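Worksheet: the structure to be examined is printed underneath.
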Amino acid sequence: MTDPVRPLEDDFARRGDYWFMVFRQFHKNKLGYVGLAVISLLTLVAIFAPFLADSRPILMKRAGALTSPLLSGFGPADWFLFIGFFIAVGSFIAFRRFRRRGWERGRAGRRIFQVTAPLWILLAVFVATRRDFIDLEDYQALKADFAPEEWAVFPLSPFAYDQQNLMAILEKPGFKDEFGRHWLGTDATGRDIFARLVHGSRISLSVGLVAVGIYVFIGSLIGSLAGYFGGKVDAALSRLIEIVICFPTLFLILTVLAVLPQSIFTIMAVIGITNWPNVARLVRAEFLKQKTLDYVSAARALGATPGRVIFRHILPNATSPVFVAATFGIAGAILIESALSFIGLGIPPPAPSWGQTLSAGRDSPANWWLTVFPGAAIFITMTSFNLLGEALRDALDPRLKT
Amino acid sequence: MIPTLFGITVITFTLIRLAPGDPSAPKVGEVGGGGLDRAAFAREVQEAKKKLLGLDKPIPVQYLNWCKRLVTFDLGESYSKRRPVGELIGESLVNTLRLDLIAIFLAYVIAVPLGIFSATHRYSIWDRVSTVFLFILYSLPTFWVASLMIIFLGGGDFLDIFPISWLSCNSPERHFPYSVGLDWLGHFVLPVACLTYPVLAALSRYSRAGMMEVIRQDFIRTARAKGLSEKVVIFKHAARNGMIPILTLLATMLPVMVSGSVIIEYIFSINGMGKLMFDAVMERDYPIVMAVSSLSAVMTLFGILMSDFLYVFVDPRISFEKLET
């Protein structure tokens with residue numbers, strides 16, 4: 001039996017819900033969905049990269065035993081992404097179910113946190129015990145002299161991203177040749193470009209997310225302190241913001257890269273520490289606006305400490321411009337990372353960064369596939385994040401609210 | 001402005017010195033031999049060189065010395081190129097400015113009419129096409145476009161129309177053998193195109209948004225109501241107000257472009273500011289690094305200041321007195 005009052009009430013409650021309105025606005029924008037779809041696809045590609053391009057079979061029946069060379073060769077990052085994905089999807093489904101049951105968002109979130117936190121810790125412990133494993137077995141050759149009852153299921157494209165093949169140097173893109181199929185060609189050491197692009201998506205997306213995470217954190221902290229306290233604190237922090245804005249970014253990046261070891265974490269950190277002023281300014285402006293509102297005075301009157309007012313009351317209300325800036329920021333961070341790799345200062349080989357493949361294309365202009373494909377990957381990723389950012393901005397912009 | 005500049009120079013000075021590598025070290029290996037104790041001799045040479053360059057003193061003292069010389073406009077001498085830094089910057093700045101000014105000019109010339117057109121023909125097919133096209137331009141990575149241009153237009157396996165490096169060539173086998181002017185033009189096409197399109201993409205969004213904002217306002221309705229022709233309404237009343245945002249962008253854009261075109265200069269081997277800075281950081285050429293980063297900081301600060309002034313200048317409704325309150 002359905003209760004006739006309940007859904008109506010629910011509907012009113014939902015209509016007043018800020019996020020519901022945002023979602024409704026977002027829903028109107030088809031291009032935003034396209035961006036979101038492409039980003040989801042890229043994320044899936046990044047998580048399941050080994051299943052798309054790797055030299056090890058996913059499943060193999062040999063000498064009467066069923067093995068999975070791919071899974072047993074998983075490194076820490078592979079395991080983390082693989083298992084983390086299922087925990088995240090499980091959490092999402094559980095959240096939806098709790099919400100449908102009528103739970104508040106906070107309660108559902110807490111319950112999911114209680115259940116998944118131990119799982120994440122277990123995963124972290126498990127990942128910490130894993131080591132990267134180098135499998136020198138040539139499964140292609142192995143497959144050639146299989147007995148009739150033996151079989152192997154290979155990933156979509158049976159080449160690993162760091163597998164050099166001197167028999168297939170600078171091979172043109174194609175679907176048929178004697179060594180297998182290099183769909184997007186090979187580079188100067190015979191590495192498969194498709195595999196490098198698929199695995200490169202991990203680097204690009206993780207650099208984008210982590211770098212933006214770093215600078216959103218720094219920017220929100222500094223912006224909220226400056227905006228909330230005002231006066232001398234604001235003056236000092238604003239000066240700091242101004243210094244970082246006027247600082248020649250390239251110089252900072254180059255110098256920091258010279259001091260710190262060249263690694264993916266350095267790149268993330270460098271992008272993080274050079275880009276926070278923008279977020280800080282947005283948050284500061286939002287704080288200046290919000291702190292005069294009644295709810296802030298109410299919180300203060302109730303005896304809330306400045307820390308509580310800032311982080312529990314104002315900051316949650318100041319997230320929407322940061323959200324939009326962060327989405328565009330991911331595109332920007334991916335661009336910076338690939339540009340740095342392009343001029344040879346990015347992530348050190350053999351890690352398969354898109355920019356790195358692109359710079360290999362610069363060295364051999366006759367081999368167009370080295371330039372066209374990785375650049376297209378960067379372009380598509382940036383476009384979809386920009387589309388998403390645009391749609392989010394339209395959805396979150398209070399001026400458009402009717 | 002002064003404290004910001006002070007902060008930037010101090011941080012730059014400290015950072016570049018924290019970076020491993022010593023400009024007095026590299027050339028030492030070439031000296032020695034002839035029965036000398038090589039190591040001792042090398043050490044001696046390095047000490048002497050350090051003293052000569054003033055690197056033997058503590059870093060704060062070095063910084064003060066640098067400031068002292070700066071007051072007399074003495075930027076020092078490049079360690080690696082053995083020439084006054086001012087001269088080197090002058091040469092690079094000319095190259096960079098030529099490219100950037102042409103690019104900015106082209107971007108404005110295209111962006112302003114495009115913005116006006118889009119805003120007046122809102123949601124028409126051409127508005128949509130241009131919006132999508134500009135959005136694509138906006139997301140295209142410059143270094144990819146530059147690489148593609150080199151491959152497909154400048155050699156590679158495809159067309160060979162444009163030269164792909166330097167800004168001019170003196171050799172007889174140049175691409176456009178009949179005239180120096182054509183040679184110049186040919187060299188400028190690719191880098192200028194790569195510099196123009198991102199600016200164009202950004203500018204036309206602003207100009208479209210600015211126009212849309214203005215067209216909605218009451219004074220435009222009034223202008224139409226009193227019977228002015230559409231041309232006058234759009235170009236005289238709307239456009240002048242709608243273009244204020246992108247006019248003020250001009251002041252902040254030039255500094256960014258001057259210090260930000262490293263990738264383009266790297267790809268097309270142009271001796272500009274970006275390349276100068278890049279090489280200087282790589283070679284730990286302290287005088288150049290200090291000079292270029294201070295210069296770009298000054299330009300950025302000046303640009304911000306200028307854009308504030310421009311605002312007041314083009315829009316008398318805004319005044320600083322009002323902003324104070």
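By convention here, the chains of the structure tokens are called A, B, ... in the order presented, each chain's residues are numbered starting at 1, and ligands are numbered starting at 1 in the order presented.
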
Inset, instruction - Would you give me, as a PyMOL selection string, the residues of chain B that come within 9 Å of chain A, using only C-alpha atoms? - result: chain B and resi 3-5+7-8+12+15-16+18-20+135-136+138-141+143-145+147-148+150-152+155-158+256+259-260+262-263+266-267+274+277-278+281-282+289+292-294+296-301

Write to file, as a CSV table (one decimal), in the first residue's frame, the residues of the selection just made, with C-alpha atoms.
chain,number,residue,atom,x,y,z
B,3,PRO,CA,56.4,44.2,-0.8
B,4,THR,CA,55.1,41.7,-3.4
B,5,LEU,CA,58.1,42.4,-5.6
B,7,GLY,CA,58.8,38.7,-1.7
B,8,ILE,CA,59.1,37.4,-5.2
B,12,THR,CA,63.3,33.4,-6.5
B,15,LEU,CA,64.9,28.8,-4.6
B,16,ILE,CA,67.3,29.0,-7.5
B,18,LEU,CA,68.6,25.7,-3.3
B,19,ALA,CA,68.5,23.9,-6.6
B,20,PRO,CA,71.5,21.5,-6.9
B,135,PHE,CA,35.0,25.5,-27.2
B,136,ILE,CA,37.0,23.0,-29.2
B,138,TYR,CA,39.7,26.3,-26.0
B,139,SER,CA,40.4,22.7,-25.1
B,140,LEU,CA,43.0,22.0,-27.7
B,141,PRO,CA,46.5,21.7,-26.1
B,143,PHE,CA,51.8,21.8,-28.0
B,144,TRP,CA,49.6,19.2,-29.8
B,145,VAL,CA,48.4,21.7,-32.3
B,147,SER,CA,53.2,19.4,-33.3
B,148,LEU,CA,50.4,18.6,-35.7
B,150,ILE,CA,54.8,20.7,-38.0
B,151,ILE,CA,53.9,17.2,-39.1
B,152,PHE,CA,51.2,18.1,-41.6
B,155,GLY,CA,57.8,18.7,-43.5
B,156,GLY,CA,57.1,15.2,-42.1
B,157,ASP,CA,55.4,12.9,-44.7
B,158,PHE,CA,52.8,15.4,-45.7
B,256,VAL,CA,51.0,36.2,-19.1
B,259,SER,CA,56.3,34.8,-19.8
B,260,GLY,CA,54.1,31.9,-20.8
B,262,VAL,CA,57.8,28.7,-23.4
B,263,ILE,CA,56.2,25.7,-25.1
B,266,TYR,CA,60.6,25.5,-27.4
B,267,ILE,CA,58.8,23.8,-30.3
B,274,GLY,CA,60.4,31.7,-22.5
B,277,MET,CA,64.3,31.6,-18.9
B,278,PHE,CA,64.1,27.9,-19.6
B,281,VAL,CA,67.1,27.7,-15.1
B,282,MET,CA,68.6,24.6,-16.6
B,289,VAL,CA,66.9,33.9,-13.8
B,292,VAL,CA,63.6,37.6,-16.0
B,293,SER,CA,61.6,36.6,-13.1
B,294,SER,CA,61.6,40.1,-11.6
B,296,SER,CA,57.8,39.2,-15.4
B,297,ALA,CA,56.6,39.9,-11.9
B,298,VAL,CA,56.8,43.6,-12.5
B,299,MET,CA,54.9,43.2,-15.7
B,300,THR,CA,52.2,41.1,-14.1
B,301,LEU,CA,51.8,43.6,-11.3

Inset, instruction - Go through stretch 16-199 of chain B and collect every residue that DSSP, computed from the backbone, puts in alpha helix (DSSP H); the answer should be as a ChimeraX atom specification. - result: /B:16-18,38-53,59-71,85-120,125-139,142-153,180-199

Deliver the residues from the most recent selection as a file, using C-alpha atoms, as a compact mmCIF listing (two decimals), in the first residue's frame.
# COMPACT_ATOMS: atom_id res chain seq x y z
CA ILE B 16 67.34 28.96 -7.48
CA ARG B 17 70.19 28.67 -5.02
CA LEU B 18 68.59 25.71 -3.31
CA ARG B 38 94.44 18.38 -10.74
CA ALA B 39 92.05 18.19 -7.82
CA ALA B 40 93.74 20.95 -5.85
CA PHE B 41 94.05 23.10 -8.90
CA ALA B 42 90.45 22.54 -9.81
CA ARG B 43 89.39 23.51 -6.32
CA GLU B 44 91.49 26.64 -6.53
CA VAL B 45 89.99 27.62 -9.85
CA GLN B 46 86.51 27.05 -8.54
CA GLU B 47 87.22 29.18 -5.47
CA ALA B 48 88.59 31.96 -7.64
CA LYS B 49 85.59 31.79 -9.91
CA LYS B 50 83.20 31.81 -6.99
CA LYS B 51 84.89 34.91 -5.67
CA LEU B 52 84.74 36.53 -9.07
CA LEU B 53 81.01 35.86 -9.38
CA ILE B 59 73.11 34.14 0.35
CA PRO B 60 71.56 37.19 2.12
CA VAL B 61 74.67 39.25 1.32
CA GLN B 62 74.51 38.08 -2.28
CA TYR B 63 70.89 39.15 -2.41
CA LEU B 64 71.74 42.59 -1.06
CA ASN B 65 74.50 42.93 -3.63
CA TRP B 66 72.05 42.03 -6.35
CA CYS B 67 69.61 44.66 -5.10
CA LYS B 68 72.39 47.24 -4.94
CA ARG B 69 73.29 46.63 -8.54
CA LEU B 70 69.66 46.62 -9.57
CA VAL B 71 69.26 50.19 -8.32
CA VAL B 85 71.80 40.28 -19.14
CA GLY B 86 70.04 43.46 -20.26
CA GLU B 87 71.21 42.90 -23.81
CA LEU B 88 70.09 39.26 -23.84
CA ILE B 89 66.68 40.16 -22.47
CA GLY B 90 66.35 42.93 -25.03
CA GLU B 91 66.94 40.53 -27.92
CA SER B 92 64.57 37.89 -26.58
CA LEU B 93 61.91 40.40 -25.68
CA VAL B 94 61.84 41.74 -29.23
CA ASN B 95 61.17 38.27 -30.64
CA THR B 96 58.55 37.42 -28.07
CA LEU B 97 56.79 40.76 -28.33
CA ARG B 98 56.61 40.60 -32.11
CA LEU B 99 54.85 37.25 -31.96
CA ASP B 100 52.64 38.12 -29.02
CA LEU B 101 51.52 41.49 -30.31
CA ILE B 102 50.56 40.06 -33.68
CA ALA B 103 48.74 37.20 -31.96
CA ILE B 104 46.87 39.49 -29.58
CA PHE B 105 45.98 41.87 -32.38
CA LEU B 106 44.60 39.06 -34.53
CA ALA B 107 42.72 37.58 -31.59
CA TYR B 108 41.00 40.89 -30.86
CA VAL B 109 40.23 41.57 -34.49
CA ILE B 110 38.46 38.23 -34.77
CA ALA B 111 37.01 37.96 -31.28
CA VAL B 112 35.21 41.29 -31.07
CA PRO B 113 33.07 40.96 -34.23
CA LEU B 114 32.51 37.29 -33.50
CA GLY B 115 31.27 38.09 -30.02
CA ILE B 116 28.97 40.80 -31.30
CA PHE B 117 27.63 38.51 -34.00
CA SER B 118 27.06 35.63 -31.59
CA ALA B 119 25.30 37.81 -29.07
CA THR B 120 23.04 39.48 -31.62
CA ILE B 125 22.84 28.06 -36.12
CA TRP B 126 25.94 30.21 -36.62
CA ASP B 127 26.05 31.15 -32.97
CA ARG B 128 25.99 27.48 -32.05
CA VAL B 129 28.60 26.54 -34.61
CA SER B 130 30.95 29.27 -33.48
CA THR B 131 30.38 28.47 -29.81
CA VAL B 132 31.17 24.81 -30.33
CA PHE B 133 34.14 25.62 -32.53
CA LEU B 134 35.55 28.05 -29.98
CA PHE B 135 34.96 25.55 -27.23
CA ILE B 136 37.02 23.02 -29.15
CA LEU B 137 39.76 25.59 -29.69
CA TYR B 138 39.65 26.32 -25.99
CA SER B 139 40.39 22.69 -25.10
CA THR B 142 48.84 24.18 -27.85
CA PHE B 143 51.76 21.82 -28.01
CA TRP B 144 49.65 19.24 -29.76
CA VAL B 145 48.41 21.72 -32.34
CA ALA B 146 51.97 22.93 -32.86
CA SER B 147 53.23 19.38 -33.32
CA LEU B 148 50.42 18.58 -35.72
CA MET B 149 51.17 21.71 -37.73
CA ILE B 150 54.80 20.71 -37.97
CA ILE B 151 53.91 17.22 -39.12
CA PHE B 152 51.24 18.13 -41.61
CA LEU B 153 52.39 21.54 -42.84
CA VAL B 180 62.90 38.30 -47.48
CA GLY B 181 59.44 39.56 -46.61
CA LEU B 182 57.80 36.32 -47.62
CA ASP B 183 60.41 34.44 -45.68
CA TRP B 184 59.50 36.39 -42.58
CA LEU B 185 55.83 35.87 -43.14
CA GLY B 186 56.33 32.16 -43.61
CA HIS B 187 58.21 31.84 -40.37
CA PHE B 188 55.58 33.74 -38.45
CA VAL B 189 52.52 31.83 -39.64
CA LEU B 190 52.78 28.69 -37.52
CA PRO B 191 53.89 30.19 -34.19
CA VAL B 192 51.46 33.07 -34.50
CA ALA B 193 48.61 30.69 -35.27
CA CYS B 194 49.48 28.62 -32.21
CA LEU B 195 49.64 31.70 -30.02
CA THR B 196 46.48 33.26 -31.41
CA TYR B 197 43.91 30.52 -31.16
CA PRO B 198 43.89 30.02 -27.36
CA VAL B 199 43.64 33.77 -26.80

Legend entry - Contacts of B:Ile215 at 9 Å (only C-alpha atoms; same-chain gap of 2+ positions) as a list in words: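 Within the cut-off, the hits are Ala119, Thr120, Gly210, Met211, Met212, Glu213, Gln217, Asp218, Phe219, Ile220, Arg221, Ile234, Ala238, Ala239 and Gly242 of chain B.
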
Considering only C-alpha atoms, return as a PDB file with C-alpha atoms, in the first residue's frame whatever protein or nucleic-acid residues lie within 10 Å of A:Glu150, sequence-local ones (same chain, fewer than 5 positions apart) excluded.
ATOM      1  CA  MET A  60      45.276 -19.530 -18.800  1.00  0.00           C
ATOM      2  CA  LYS A  61      44.804 -23.266 -18.702  1.00  0.00           C
ATOM      3  CA  ARG A  62      48.170 -24.905 -19.003  1.00  0.00           C
ATOM      4  CA  ALA A  63      49.534 -28.254 -17.828  1.00  0.00           C
ATOM      5  CA  GLY A  64      46.179 -29.008 -16.241  1.00  0.00           C
ATOM      6  CA  ALA A  65      46.243 -25.926 -13.996  1.00  0.00           C
ATOM      7  CA  LEU A  66      44.030 -22.856 -14.340  1.00  0.00           C
ATOM      8  CA  LYS A 143      50.715 -19.920 -26.693  1.00  0.00           C
ATOM      9  CA  ASP A 145      53.073 -24.384 -28.792  1.00  0.00           C
TER      10      ASP A 145
END

Legend entry - atom CA of A:Leu142 to atom CA of A:Leu52, distance in Å rounded to a single decimal: 20.1 Å

Inset, instruction - Would you work out the distance separating atom CA of B:Tyr79 from atom CA of B:Ile288, expressed in Å to one decimal? - result: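 If I compute the distance from atom CA of B:Tyr79 to atom CA of B:Ile288, I get 8.5 Å.
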
Inset, instruction - Name all residues at most 12 Å from A:Arg111 (count only C-alpha atoms; drop same-chain ones fewer than 5 positions away) and give them as a ChimeraX atom specification. - result: /A:91,94-95,97-99,103-106,116-117

Name the residues in contact with stretch 42-46 of chain A at a cut-off of 8 Å, using only C-alpha atoms, excluding same-chain residues fewer than 2 positions from it; report them as a short mmCIF file (atom, residue, chain, number, x, y, z; two decimals) with C-alpha atoms, in the first residue's frame.
data_model
loop_
_atom_site.label_atom_id
_atom_site.label_comp_id
_atom_site.auth_asym_id
_atom_site.auth_seq_id
_atom_site.Cartn_x
_atom_site.Cartn_y
_atom_site.Cartn_z
CA VAL A 38 33.48 10.34 -21.42
CA ILE A 39 35.07 10.95 -18.02
CA SER A 40 33.39 7.85 -16.61
CA PHE A 48 40.84 -1.72 -15.78
CA ALA A 49 43.88 -0.78 -17.86
CA LEU A 52 42.61 -3.76 -21.88
CA VAL A 198 45.52 3.15 -21.94
CA HIS A 199 47.96 3.03 -19.04
CA GLY A 200 48.73 6.73 -19.46
CA SER A 201 45.14 7.52 -18.58
CA ARG A 202 45.96 6.43 -15.04
CA LEU A 205 43.67 11.24 -14.22
CA THR A 381 40.07 14.38 -21.72
#
